[in-house]
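See below for input.csv, which holds CSV, C-alpha atoms and all ligand atoms.
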```
chain,number,residue,atom,x,y,z
O,4,MET,CA,-61.3,134.8,147.9
O,5,ALA,CA,-62.9,133.7,151.1
O,6,VAL,CA,-62.1,130.1,150.2
O,7,GLU,CA,-58.4,131.0,149.7
O,8,LYS,CA,-58.2,132.7,153.1
O,9,GLU,CA,-59.2,129.5,154.8
O,10,LYS,CA,-56.5,127.6,153.1
O,11,PRO,CA,-54.2,125.8,155.6
O,12,SER,CA,-50.7,127.1,155.9
O,13,TRP,CA,-49.3,123.6,155.5
O,14,GLY,CA,-47.6,123.3,158.8
O,15,ILE,CA,-45.6,126.5,158.7
O,16,SER,CA,-45.9,128.2,162.1
O,17,PRO,CA,-47.0,131.9,162.3
O,18,VAL,CA,-44.4,134.6,162.3
O,19,VAL,CA,-43.0,135.7,165.6
O,20,PRO,CA,-42.5,139.5,166.0
O,21,GLY,CA,-38.9,140.5,165.3
O,22,TRP,CA,-38.0,137.1,164.0
O,23,TYR,CA,-38.7,137.2,160.3
O,24,GLN,CA,-38.4,140.9,159.6
O,25,ALA,CA,-36.6,140.2,156.4
O,26,TRP,CA,-39.4,137.9,155.3
O,27,GLU,CA,-42.0,140.5,155.9
O,28,ARG,CA,-40.3,143.2,154.0
O,29,ASP,CA,-39.4,141.1,151.0
O,30,SER,CA,-41.8,142.3,148.3
O,31,THR,CA,-40.9,139.4,145.9
O,32,LEU,CA,-42.6,137.0,148.2
O,33,ASP,CA,-46.3,136.6,147.5
O,34,LEU,CA,-48.2,137.2,150.6
O,35,PRO,CA,-51.5,135.4,151.2
O,36,PRO,CA,-54.4,137.3,149.9
O,37,GLY,CA,-55.9,139.8,152.3
O,38,SER,CA,-52.7,140.3,154.4
O,39,THR,CA,-50.4,143.3,154.2
O,40,ALA,CA,-46.7,143.7,154.3
O,41,GLU,CA,-47.0,145.5,157.7
O,42,GLY,CA,-47.6,143.8,160.9
O,43,ASN,CA,-47.4,140.2,161.9
O,44,VAL,CA,-48.6,138.1,159.0
O,45,ALA,CA,-48.5,134.4,158.4
O,46,PRO,CA,-45.9,133.3,155.9
O,47,PRO,CA,-47.1,132.2,152.5
O,48,ALA,CA,-47.9,128.6,152.1
O,49,PRO,CA,-45.5,126.7,150.0
O,50,TYR,CA,-48.3,125.4,147.9
O,51,ARG,CA,-50.7,127.2,145.7
O,52,SER,CA,-54.0,125.7,144.5
O,53,ALA,CA,-54.1,126.1,140.7
O,54,ALA,CA,-57.5,124.3,140.4
O,55,PRO,CA,-59.4,121.9,142.6
O,56,GLY,CA,-57.2,118.9,143.2
O,57,VAL,CA,-54.2,120.6,141.5
O,58,ILE,CA,-51.5,122.3,143.4
O,59,THR,CA,-48.3,124.0,142.3
O,60,ALA,CA,-45.2,124.5,144.3
O,61,ARG,CA,-41.7,125.7,143.8
O,62,MET,CA,-39.0,123.1,143.8
O,63,GLU,CA,-37.0,124.6,146.6
O,64,ASP,CA,-40.1,124.8,148.8
O,65,LEU,CA,-40.7,121.2,148.4
O,66,LEU,CA,-37.0,120.4,149.1
O,67,ALA,CA,-37.1,122.5,152.2
O,68,LEU,CA,-40.3,120.8,153.3
O,69,ALA,CA,-38.6,117.4,152.9
O,70,ARG,CA,-35.5,118.6,154.7
O,71,LYS,CA,-37.1,120.3,157.6
O,72,ASN,CA,-39.3,117.3,158.3
O,73,SER,CA,-36.5,114.8,158.4
O,74,LEU,CA,-33.8,116.5,160.5
O,75,TRP,CA,-31.3,113.9,161.6
O,76,PRO,CA,-29.2,115.2,164.5
O,77,LEU,CA,-25.8,113.9,165.0
O,78,THR,CA,-25.7,111.9,168.3
O,79,PHE,CA,-23.2,113.4,170.6
O,80,GLY,CA,-23.3,115.2,173.9
O,81,LEU,CA,-20.5,117.1,175.6
O,82,ALA,CA,-21.8,117.9,179.2
O,83,CYS,CA,-24.8,118.2,181.4
O,84,CYS,CA,-27.0,119.7,178.6
O,85,ALA,CA,-26.7,116.3,176.8
O,86,ILE,CA,-28.7,114.7,179.6
O,87,GLU,CA,-31.5,117.1,178.8
O,88,MET,CA,-31.1,116.4,175.1
O,89,MET,CA,-31.4,112.7,175.8
O,90,SER,CA,-34.6,113.2,177.7
O,91,THR,CA,-35.9,115.2,174.8
O,92,TYR,CA,-35.3,112.2,172.5
O,93,MET,CA,-37.1,109.9,174.9
O,94,ALA,CA,-40.7,108.9,174.9
O,95,ASN,CA,-42.1,111.7,177.1
O,96,HIS,CA,-41.1,114.4,174.7
O,97,ASP,CA,-40.7,112.2,171.6
O,98,LEU,CA,-38.9,114.0,168.9
O,99,ASP,CA,-39.6,111.2,166.4
O,100,ARG,CA,-43.0,112.7,165.7
O,101,MET,CA,-41.2,115.7,164.1
O,102,GLY,CA,-39.1,113.4,162.0
O,103,ILE,CA,-36.1,114.0,164.2
O,104,VAL,CA,-34.2,110.8,164.5
O,105,THR,CA,-30.7,110.7,166.0
O,106,TRP,CA,-28.0,109.3,163.8
O,107,PRO,CA,-24.7,108.0,165.1
O,108,SER,CA,-22.6,109.1,162.1
O,109,PRO,CA,-21.8,112.6,160.7
O,110,ARG,CA,-22.0,111.3,157.2
O,111,GLN,CA,-25.7,111.1,157.1
O,112,SER,CA,-26.6,113.8,159.6
O,113,ASP,CA,-28.3,117.1,158.9
O,114,VAL,CA,-28.1,119.0,162.1
O,115,MET,CA,-25.5,119.1,164.9
O,116,ILE,CA,-26.8,119.9,168.4
O,117,VAL,CA,-23.9,121.1,170.4
O,118,ALA,CA,-25.2,120.1,173.8
O,119,GLY,CA,-22.7,121.1,176.5
O,120,THR,CA,-19.5,122.8,177.3
O,121,VAL,CA,-17.0,123.0,174.4
O,122,VAL,CA,-13.6,122.6,175.9
O,123,LYS,CA,-10.6,123.6,173.8
O,124,LYS,CA,-9.4,120.1,173.6
O,125,MET,CA,-12.8,119.1,172.1
O,126,ALA,CA,-12.8,122.0,169.6
O,127,GLU,CA,-11.0,120.3,166.9
O,128,PRO,CA,-13.0,117.1,166.9
O,129,ILE,CA,-16.2,119.2,166.8
O,130,ARG,CA,-14.9,121.0,163.8
O,131,LEU,CA,-13.9,117.8,162.2
O,132,LEU,CA,-17.4,116.3,162.7
O,133,TYR,CA,-18.9,119.4,161.2
O,134,GLU,CA,-16.7,119.1,158.2
O,135,GLN,CA,-17.7,115.5,157.8
O,136,MET,CA,-21.4,116.3,157.6
O,137,PRO,CA,-22.8,116.7,154.1
O,138,GLU,CA,-24.4,119.9,152.9
O,139,PRO,CA,-27.0,121.2,153.7
O,140,LYS,CA,-26.2,121.2,157.4
O,141,TRP,CA,-27.3,123.2,160.4
O,142,VAL,CA,-25.9,123.7,163.9
O,143,ILE,CA,-27.9,124.3,167.1
O,144,ALA,CA,-26.0,125.7,170.1
O,145,MET,CA,-27.8,124.3,173.1
O,146,GLY,CA,-27.3,125.9,176.5
O,147,SER,CA,-25.3,128.9,177.7
O,148,CYS,CA,-22.0,127.0,177.5
O,149,ALA,CA,-22.3,126.4,173.7
O,150,THR,CA,-23.6,129.9,173.2
O,151,ASN,CA,-20.9,131.9,174.9
O,152,GLY,CA,-19.0,129.9,177.5
O,153,GLY,CA,-21.7,130.2,180.1
O,154,PRO,CA,-20.6,129.6,183.6
O,155,TYR,CA,-17.1,129.0,182.3
O,156,TYR,CA,-16.7,132.3,180.6
O,157,ARG,CA,-13.1,133.2,180.3
O,158,SER,CA,-11.9,129.9,181.6
O,159,TYR,CA,-8.6,128.7,180.5
O,160,SER,CA,-10.0,125.6,179.0
O,161,VAL,CA,-13.4,126.4,177.6
O,162,VAL,CA,-14.2,127.9,174.2
O,163,MET,CA,-16.3,131.1,174.6
O,164,GLY,CA,-19.1,129.8,172.4
O,165,VAL,CA,-19.2,127.2,169.7
O,166,ASP,CA,-19.6,129.9,167.1
O,167,HIS,CA,-15.9,130.3,167.3
O,168,ILE,CA,-15.6,127.0,165.6
O,169,VAL,CA,-18.7,126.4,163.5
O,170,PRO,CA,-21.4,128.7,162.2
O,171,VAL,CA,-24.5,128.4,164.4
O,172,ASP,CA,-28.1,128.7,163.2
O,173,VAL,CA,-30.1,128.6,166.4
O,174,TYR,CA,-29.0,129.5,169.9
O,175,ILE,CA,-31.0,128.1,172.8
O,176,PRO,CA,-30.5,129.8,176.2
O,177,GLY,CA,-30.7,128.0,179.5
O,178,CYS,CA,-28.5,126.1,181.8
O,179,PRO,CA,-29.6,123.5,180.8
O,180,PRO,CA,-32.5,124.4,178.5
O,181,ARG,CA,-35.6,122.3,179.3
O,182,PRO,CA,-36.6,119.8,176.6
O,183,GLU,CA,-39.4,122.1,175.6
O,184,ALA,CA,-36.8,124.8,174.8
O,185,LEU,CA,-34.8,122.4,172.7
O,186,MET,CA,-37.9,121.4,170.9
O,187,ASP,CA,-38.7,125.1,170.3
O,188,GLY,CA,-35.2,125.5,168.9
O,189,LEU,CA,-35.7,122.7,166.5
O,190,LEU,CA,-39.0,124.1,165.4
O,191,ARG,CA,-37.3,127.5,164.9
O,192,LEU,CA,-34.7,125.7,162.8
O,193,GLN,CA,-37.5,124.2,160.7
O,194,ASP,CA,-38.9,127.6,160.2
O,195,LYS,CA,-35.5,128.9,159.2
O,196,ILE,CA,-35.0,126.2,156.6
O,197,GLN,CA,-38.3,126.9,155.0
O,198,HIS,CA,-37.6,130.6,155.1
O,199,ASP,CA,-34.1,130.3,153.6
O,200,ALA,CA,-35.5,128.2,150.8
O,201,ARG,CA,-37.7,131.1,149.9
O,202,GLN,CA,-35.2,133.8,150.5
O,203,TYR,CA,-32.1,132.2,149.0
O,204,GLY,CA,-33.5,129.9,146.4
O,205,GLY,CA,-32.7,126.6,147.9
O,206,ASN,CA,-29.1,127.3,149.0
O,207,ASN,CA,-28.4,127.0,152.6
O,208,PRO,CA,-26.4,130.1,153.6
O,209,HIS,CA,-24.3,129.6,156.7
O,210,PRO,CA,-24.7,132.3,159.3
O,211,PRO,CA,-21.6,134.4,159.9
O,212,PHE,CA,-19.4,133.1,162.7
O,213,ARG,CA,-16.5,134.4,164.7
O,214,GLY,CA,-13.7,132.5,163.1
O,215,ASP,CA,-12.0,129.1,163.3
O,216,ALA,CA,-9.5,129.8,166.1
O,217,LEU,CA,-8.5,126.3,167.1
O,218,PRO,CA,-5.6,125.4,169.4
O,219,GLY,CA,-2.9,123.7,167.5
O,220,GLY,CA,-4.0,125.0,164.1
O,221,SER,CA,-7.2,124.6,162.2
O,222,VAL,CA,-8.5,121.3,160.9
O,223,LEU,CA,-8.9,123.1,157.6
O,224,GLU,CA,-5.2,124.0,157.5
O,225,ARG,CA,-4.4,120.4,157.8
O,226,GLY,CA,-6.2,119.8,154.5
O,227,SER,CA,-9.1,117.7,155.6
O,228,GLY,CA,-11.5,119.2,153.1
O,229,ALA,CA,-11.6,123.0,153.1
O,230,SER,CA,-15.2,124.1,152.7
O,231,GLU,CA,-16.7,127.4,151.7
O,232,THR,CA,-17.4,128.3,155.3
O,233,GLY,CA,-13.9,127.7,156.4
O,234,GLU,CA,-12.4,129.8,153.7
O,235,ALA,CA,-14.7,132.6,154.4
O,236,ALA,CA,-13.8,132.5,158.0
O,237,GLY,CA,-10.1,132.5,157.2
O,238,ALA,CA,-10.4,135.4,154.9
M,12,MET,CA,8.6,112.4,203.8
M,13,PRO,CA,11.6,113.2,201.5
M,14,SER,CA,11.0,112.2,198.0
M,15,GLU,CA,14.1,110.1,197.7
M,16,ARG,CA,12.7,107.5,200.1
M,17,LEU,CA,9.2,107.5,198.5
M,18,LEU,CA,9.6,104.5,196.3
M,19,ASP,CA,11.1,102.3,199.0
M,20,ALA,CA,8.3,103.3,201.4
M,21,CYS,CA,5.6,102.7,198.8
M,22,ALA,CA,7.0,99.2,198.0
M,23,THR,CA,7.1,98.3,201.7
M,24,LEU,CA,3.6,99.7,202.2
M,25,ARG,CA,2.3,97.6,199.4
M,26,ALA,CA,4.3,94.4,200.1
M,27,ASP,CA,4.3,94.1,203.8
M,28,PRO,CA,1.6,91.6,204.8
M,29,SER,CA,0.7,93.6,207.9
M,30,LEU,CA,0.2,96.8,205.9
M,31,SER,CA,-0.7,95.5,202.4
M,32,PHE,CA,-1.9,98.9,201.0
M,33,ASP,CA,-2.9,97.5,197.6
M,34,TYR,CA,-5.1,100.4,196.4
M,35,LEU,CA,-4.2,104.0,195.6
M,36,ARG,CA,-7.4,105.8,196.2
M,37,CYS,CA,-6.3,109.3,195.2
M,38,LEU,CA,-3.2,111.1,194.2
M,39,SER,CA,-3.3,114.9,194.4
M,40,VAL,CA,-1.0,117.9,194.3
M,41,VAL,CA,-1.3,120.9,196.6
M,42,ASP,CA,0.2,124.3,195.9
M,43,TYR,CA,1.4,125.9,199.1
M,44,GLU,CA,3.1,128.6,197.1
M,45,ASP,CA,6.5,128.0,198.8
M,46,ARG,CA,6.4,124.3,198.0
M,47,PHE,CA,4.3,121.7,196.3
M,48,GLN,CA,3.0,118.7,198.1
M,49,VAL,CA,2.0,115.4,196.5
M,50,VAL,CA,-0.6,113.6,198.6
M,51,TYR,CA,-1.2,109.8,198.3
M,52,HIS,CA,-4.4,108.3,199.8
M,53,LEU,CA,-3.9,104.5,200.3
M,54,TRP,CA,-6.3,101.9,201.2
M,55,SER,CA,-5.9,98.2,202.2
M,56,ARG,CA,-8.7,96.0,201.0
M,57,GLU,CA,-7.5,93.2,203.3
M,58,HIS,CA,-7.2,95.1,206.6
M,59,ARG,CA,-9.6,97.9,205.6
M,60,HIS,CA,-7.3,100.6,206.9
M,61,LYS,CA,-6.1,103.7,205.2
M,62,LEU,CA,-3.0,105.9,205.2
M,63,VAL,CA,-2.3,109.4,203.8
M,64,LEU,CA,1.3,110.0,202.6
M,65,LYS,CA,2.6,113.5,201.9
M,66,VAL,CA,5.7,114.3,200.0
M,67,ASP,CA,7.0,117.9,199.7
M,68,THR,CA,8.8,119.1,196.6
M,69,THR,CA,10.2,122.4,195.5
M,70,VAL,CA,8.5,125.1,193.5
M,71,GLU,CA,11.6,125.7,191.3
M,72,SER,CA,11.9,122.1,189.9
M,73,PRO,CA,9.0,120.0,191.3
M,74,SER,CA,9.8,116.4,190.9
M,75,VAL,CA,8.6,113.3,192.7
M,76,PRO,CA,9.4,109.7,191.5
M,77,SER,CA,6.5,107.9,189.8
M,78,VAL,CA,4.7,105.3,191.8
M,79,THR,CA,3.2,103.6,188.7
M,80,GLY,CA,5.5,100.7,189.3
M,81,VAL,CA,3.9,100.1,192.7
M,82,TRP,CA,0.2,101.0,191.9
M,83,ARG,CA,-0.6,101.0,188.2
M,84,GLY,CA,-3.6,103.2,188.9
M,85,ALA,CA,-1.3,106.1,189.6
M,86,ASP,CA,-0.8,106.5,185.8
M,87,TRP,CA,-3.6,109.1,185.0
M,88,PHE,CA,-3.3,110.8,188.4
M,89,GLU,CA,0.3,111.6,187.8
M,90,ARG,CA,-0.4,112.8,184.2
M,91,GLU,CA,-3.1,115.1,185.6
M,92,GLY,CA,-0.7,116.4,188.2
M,93,HIS,CA,1.8,117.1,185.6
M,94,ASP,CA,-0.7,118.9,183.4
M,95,LEU,CA,-2.2,121.1,186.1
M,96,PHE,CA,0.8,121.7,188.4
M,97,GLY,CA,3.9,120.9,186.3
M,98,VAL,CA,5.2,118.3,188.8
M,99,GLU,CA,7.5,116.0,187.1
M,100,PHE,CA,7.1,112.3,187.8
M,101,PRO,CA,10.3,110.6,186.5
M,102,GLY,CA,9.8,107.0,185.7
M,103,HIS,CA,6.3,107.4,184.4
M,104,PRO,CA,5.7,105.1,181.5
M,105,ASP,CA,3.5,107.4,179.4
M,106,PRO,CA,4.0,111.1,180.3
M,107,ARG,CA,1.8,112.6,177.6
M,108,VAL,CA,-0.7,115.4,178.2
M,109,LEU,CA,-3.9,114.0,179.6
M,110,ILE,CA,-6.5,116.7,180.1
M,111,LEU,CA,-5.1,119.8,178.5
M,112,TYR,CA,-4.6,120.2,174.8
M,113,GLU,CA,-1.1,119.8,173.3
M,114,ASP,CA,0.0,123.4,172.9
M,115,PHE,CA,-1.2,124.7,176.3
M,116,GLU,CA,1.2,127.0,178.1
M,117,GLY,CA,1.2,127.3,181.8
M,118,PHE,CA,-0.1,125.2,184.7
M,119,PRO,CA,-3.7,126.2,185.6
M,120,GLY,CA,-3.7,124.3,188.9
M,121,ARG,CA,-1.0,126.6,190.3
M,122,LYS,CA,-2.1,129.6,192.3
M,123,SER,CA,0.2,131.8,190.3
M,124,PHE,CA,-1.7,131.0,187.1
M,125,PRO,CA,-3.3,134.2,185.6
M,126,PHE,CA,-6.9,133.3,185.8
M,127,HIS,CA,-8.4,136.7,185.9
M,128,ASP,CA,-6.8,138.2,182.9
M,129,TYR,CA,-7.3,135.1,180.8
M,130,GLN,CA,-9.0,136.2,177.7
M,131,GLU,CA,-7.9,133.9,175.0
M,132,TRP,CA,-10.9,133.5,172.6
O,301,LIG,S1,-25.2,125.3,179.8
O,301,LIG,FE1,-25.3,124.5,182.0
O,301,LIG,S2,-26.3,122.5,181.8
O,301,LIG,FE2,-25.5,123.1,179.7
O,301,LIG,S3,-23.5,122.2,179.6
O,301,LIG,FE3,-23.2,124.3,180.3
O,301,LIG,S4,-23.2,124.1,182.6
O,301,LIG,FE4,-24.1,122.2,181.7
```
Target format structure tokens, applied to this file:
Amino acid sequence: MAVEKEKPSWGISPVVPGWYQAWERDSTLDLPPGSTAEGNVAPPAPYRSAAPGVITARMEDLLALARKNSLWPLTFGLACCAIEMMSTYMANHDLDRMGIVTWPSPRQSDVMIVAGTVVKKMAEPIRLLYEQMPEPKWVIAMGSCATNGGPYYRSYSVVMGVDHIVPVDVYIPGCPPRPEALMDGLLRLQDKIQHDARQYGGNNPHPPFRGDALPGGSVLERGSGASETGEAAGA
Amino acid sequence: MPSERLLDACATLRADPSLSFDYLRCLSVVDYEDRFQVVYHLWSREHRHKLVLKVDTTVESPSVPSVTGVWRGADWFEREGHDLFGVEFPGHPDPRVLILYEDFEGFPGRKSFPFHDYQEW
């Protein structure tokens, strides 16, 4: 037993209070030996050691491990937050070491970092880019503009949060968030991917969002590939 | 300056060798509530002098002839003026919406625009 306790957690960061409450209360998940369901416990490692040199793992855990360590964000920026995002990609902060490589096409991207003010004119292209990304896909709202409109709250031209257009997984506060905050958001997203694989069996459930109110009609209504998300939002 | 004489004046300002205002630095619209004023900032690269031209127009049907034939750079300035203030620029070669989206109603540059009860999503 003592040997099992020292087993590394394979890169999964410890649980933050209030963050993974659902995880902690789920009795179907096998907790590491010695820990209890109460309190702040480390999440279970995706691997179990069956014998020396032999490990077993669930398929969705392995898939999640692969996905979360090769997040490719779609390269685009909308306003001043994008400057901070660029500096996060650069050598000083170096996202490459987390397997995060920007990709200039939505067709091969996994995560969309909405960095900046979403004006209503840009709402439809953003929705279109989101539709073009293959599943599984995640969205990070970076900065107060993308979260709720920020300094432009109730402006005539700005969408009050990108979650009116696309479902958002991680919100990063700040105006602009520092590169460390963006990196923290990406790490949270990695945790979420691993957690969702456990909780939902490999499916990537999109978080609820406020609807697809788009000026001039939705992209979905124009028939460019209605997805599950869009239909749920329309219903 | 009355807007009927604007085009003649602009052509002279541009063509006269002693004036030769060949660069339109800025074109803006001002809302004085009882009238709109279109302001042209001109610059001469040759003589390095500048001139500000102001044209008044009415609130009911704001309309000023387009100067894109004189300075091609007035194109987007005038489209912006039309978007935000609703000033018509007859003679503009491409009077589409520039910065607002297609179905936008109202003119947010005007002082009468309802900014404070604007709650659309
Ligand atoms: S949150 Fe602040 S820094 Fe980011 S896009 Fe908005 S205004 Fe710019």
Using only C-alpha atoms and all ligand atoms, find each protein or nucleic acid residue lying at most 9 Å from ligand LIG 301 (chain O); present the set as JSON, numbers by chain. {"O": [81, 82, 83, 84, 85, 86, 87, 118, 119, 120, 121, 145, 146, 147, 148, 149, 150, 152, 153, 154, 155, 176, 177, 178, 179, 180]}
Residues from last step as file, C-alpha atoms, as a PDB file, in the frame of the given file:
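Resulting contents of result.pdb:
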```pdb
ATOM      1  CA  LEU O  81     -20.500 117.100 175.600  1.00  0.00           C
ATOM      2  CA  ALA O  82     -21.800 117.900 179.200  1.00  0.00           C
ATOM      3  CA  CYS O  83     -24.800 118.200 181.400  1.00  0.00           C
ATOM      4  CA  CYS O  84     -27.000 119.700 178.600  1.00  0.00           C
ATOM      5  CA  ALA O  85     -26.700 116.300 176.800  1.00  0.00           C
ATOM      6  CA  ILE O  86     -28.700 114.700 179.600  1.00  0.00           C
ATOM      7  CA  GLU O  87     -31.500 117.100 178.800  1.00  0.00           C
ATOM      8  CA  ALA O 118     -25.200 120.100 173.800  1.00  0.00           C
ATOM      9  CA  GLY O 119     -22.700 121.100 176.500  1.00  0.00           C
ATOM     10  CA  THR O 120     -19.500 122.800 177.300  1.00  0.00           C
ATOM     11  CA  VAL O 121     -17.000 123.000 174.400  1.00  0.00           C
ATOM     12  CA  MET O 145     -27.800 124.300 173.100  1.00  0.00           C
ATOM     13  CA  GLY O 146     -27.300 125.900 176.500  1.00  0.00           C
ATOM     14  CA  SER O 147     -25.300 128.900 177.700  1.00  0.00           C
ATOM     15  CA  CYS O 148     -22.000 127.000 177.500  1.00  0.00           C
ATOM     16  CA  ALA O 149     -22.300 126.400 173.700  1.00  0.00           C
ATOM     17  CA  THR O 150     -23.600 129.900 173.200  1.00  0.00           C
ATOM     18  CA  GLY O 152     -19.000 129.900 177.500  1.00  0.00           C
ATOM     19  CA  GLY O 153     -21.700 130.200 180.100  1.00  0.00           C
ATOM     20  CA  PRO O 154     -20.600 129.600 183.600  1.00  0.00           C
ATOM     21  CA  TYR O 155     -17.100 129.000 182.300  1.00  0.00           C
ATOM     22  CA  PRO O 176     -30.500 129.800 176.200  1.00  0.00           C
ATOM     23  CA  GLY O 177     -30.700 128.000 179.500  1.00  0.00           C
ATOM     24  CA  CYS O 178     -28.500 126.100 181.800  1.00  0.00           C
ATOM     25  CA  PRO O 179     -29.600 123.500 180.800  1.00  0.00           C
ATOM     26  CA  PRO O 180     -32.500 124.400 178.500  1.00  0.00           C
TER      27      PRO O 180
END
```
With distances taken over all atoms listed in the file, the candidate from M:Tyr112, M:Arg56, M:Thr23, M:Phe32 nearest O:Pro128 is M:Tyr112
Using only C-alpha atoms, what residues lie at most 10 Å away from (-34.7, 125.9, 150.6) (file coordinates), given as a PyMOL selection string? chain O and resi 61-71+139+195-208
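The list of residues with at least one atom within 6 Å of stretch 64-67 of chain M, based on only C-alpha atoms and without residues fewer than 6 positions apart in the same chain, reads M:Met12, M:Phe47, M:Gln48, M:Val49, M:Val50, M:Tyr51.
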Could you tell me how far atom CA of O:Asp113 sits from atom CA of O:His209, in Å to one decimal place? 13.3 Å
As a PyMOL selection string, please: the residues near M:Leu53 (cut-off 7 Å, only C-alpha atoms, same-chain neighbours under 3 positions excluded). chain M and resi 32+34-36+61-63
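For the choices M:Val70, M:Leu24, M:Ile110, M:Leu30, the atom-to-atom distance to M:Ser123 is smallest for M:Val70 when using only C-alpha atoms.
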Neighbouring residues of M:Phe124 were defined as those with any atom within 12 Å, considering only C-alpha atoms; residues of the same chain fewer than 4 positions away were excluded. Please report them as a list of chain:residue names. O:Ser158, O:Tyr159, M:Asp42, M:Glu44, M:Leu95, M:Phe96, M:Gly97, M:Glu116, M:Gly117, M:Phe118, M:Pro119, M:Gly120, M:Asp128, M:Tyr129
Kindly extract all protein, DNA and RNA residues lying within 9 Å of the coordinates (11.7, 120.4, 186.2) given in the file, considering all atoms listed in the file, and supply them as a PyMOL selection string. chain M and resi 71-74+97-99
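Straight-line separation from atom CA of O:His96 to atom CA of O:Glu183: 7.9 Å.
In this model, the gap between atom CA of M:Gly102 and atom CA of M:Arg59 comes to 29.2 Å.
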Set the distance at 12 Å and use all atoms listed in the file: which residues neighbour O:Leu98 once local chain neighbours fewer than 2 positions away are removed? I'd like the list as a PyMOL selection string. chain O and resi 72-76+88-96+100-105+182-183+185-187+189-190
Expected file: the selected residues, C-alpha atoms, as a PDB file, in the frame of the given file:
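To be explicit, this is the file written out as part32.pdb:
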```
ATOM      1  CA  ASN O  72     -39.300 117.300 158.300  1.00  0.00           C
ATOM      2  CA  SER O  73     -36.500 114.800 158.400  1.00  0.00           C
ATOM      3  CA  LEU O  74     -33.800 116.500 160.500  1.00  0.00           C
ATOM      4  CA  TRP O  75     -31.300 113.900 161.600  1.00  0.00           C
ATOM      5  CA  PRO O  76     -29.200 115.200 164.500  1.00  0.00           C
ATOM      6  CA  MET O  88     -31.100 116.400 175.100  1.00  0.00           C
ATOM      7  CA  MET O  89     -31.400 112.700 175.800  1.00  0.00           C
ATOM      8  CA  SER O  90     -34.600 113.200 177.700  1.00  0.00           C
ATOM      9  CA  THR O  91     -35.900 115.200 174.800  1.00  0.00           C
ATOM     10  CA  TYR O  92     -35.300 112.200 172.500  1.00  0.00           C
ATOM     11  CA  MET O  93     -37.100 109.900 174.900  1.00  0.00           C
ATOM     12  CA  ALA O  94     -40.700 108.900 174.900  1.00  0.00           C
ATOM     13  CA  ASN O  95     -42.100 111.700 177.100  1.00  0.00           C
ATOM     14  CA  HIS O  96     -41.100 114.400 174.700  1.00  0.00           C
ATOM     15  CA  ARG O 100     -43.000 112.700 165.700  1.00  0.00           C
ATOM     16  CA  MET O 101     -41.200 115.700 164.100  1.00  0.00           C
ATOM     17  CA  GLY O 102     -39.100 113.400 162.000  1.00  0.00           C
ATOM     18  CA  ILE O 103     -36.100 114.000 164.200  1.00  0.00           C
ATOM     19  CA  VAL O 104     -34.200 110.800 164.500  1.00  0.00           C
ATOM     20  CA  THR O 105     -30.700 110.700 166.000  1.00  0.00           C
ATOM     21  CA  PRO O 182     -36.600 119.800 176.600  1.00  0.00           C
ATOM     22  CA  GLU O 183     -39.400 122.100 175.600  1.00  0.00           C
ATOM     23  CA  LEU O 185     -34.800 122.400 172.700  1.00  0.00           C
ATOM     24  CA  MET O 186     -37.900 121.400 170.900  1.00  0.00           C
ATOM     25  CA  ASP O 187     -38.700 125.100 170.300  1.00  0.00           C
ATOM     26  CA  LEU O 189     -35.700 122.700 166.500  1.00  0.00           C
ATOM     27  CA  LEU O 190     -39.000 124.100 165.400  1.00  0.00           C
TER      28      LEU O 190
END
```
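In this comparison, which uses all atoms listed in the file, the residue of M:Ala85, M:Leu109, M:Val41, M:Leu17 approaching chain O most closely is M:Leu109.
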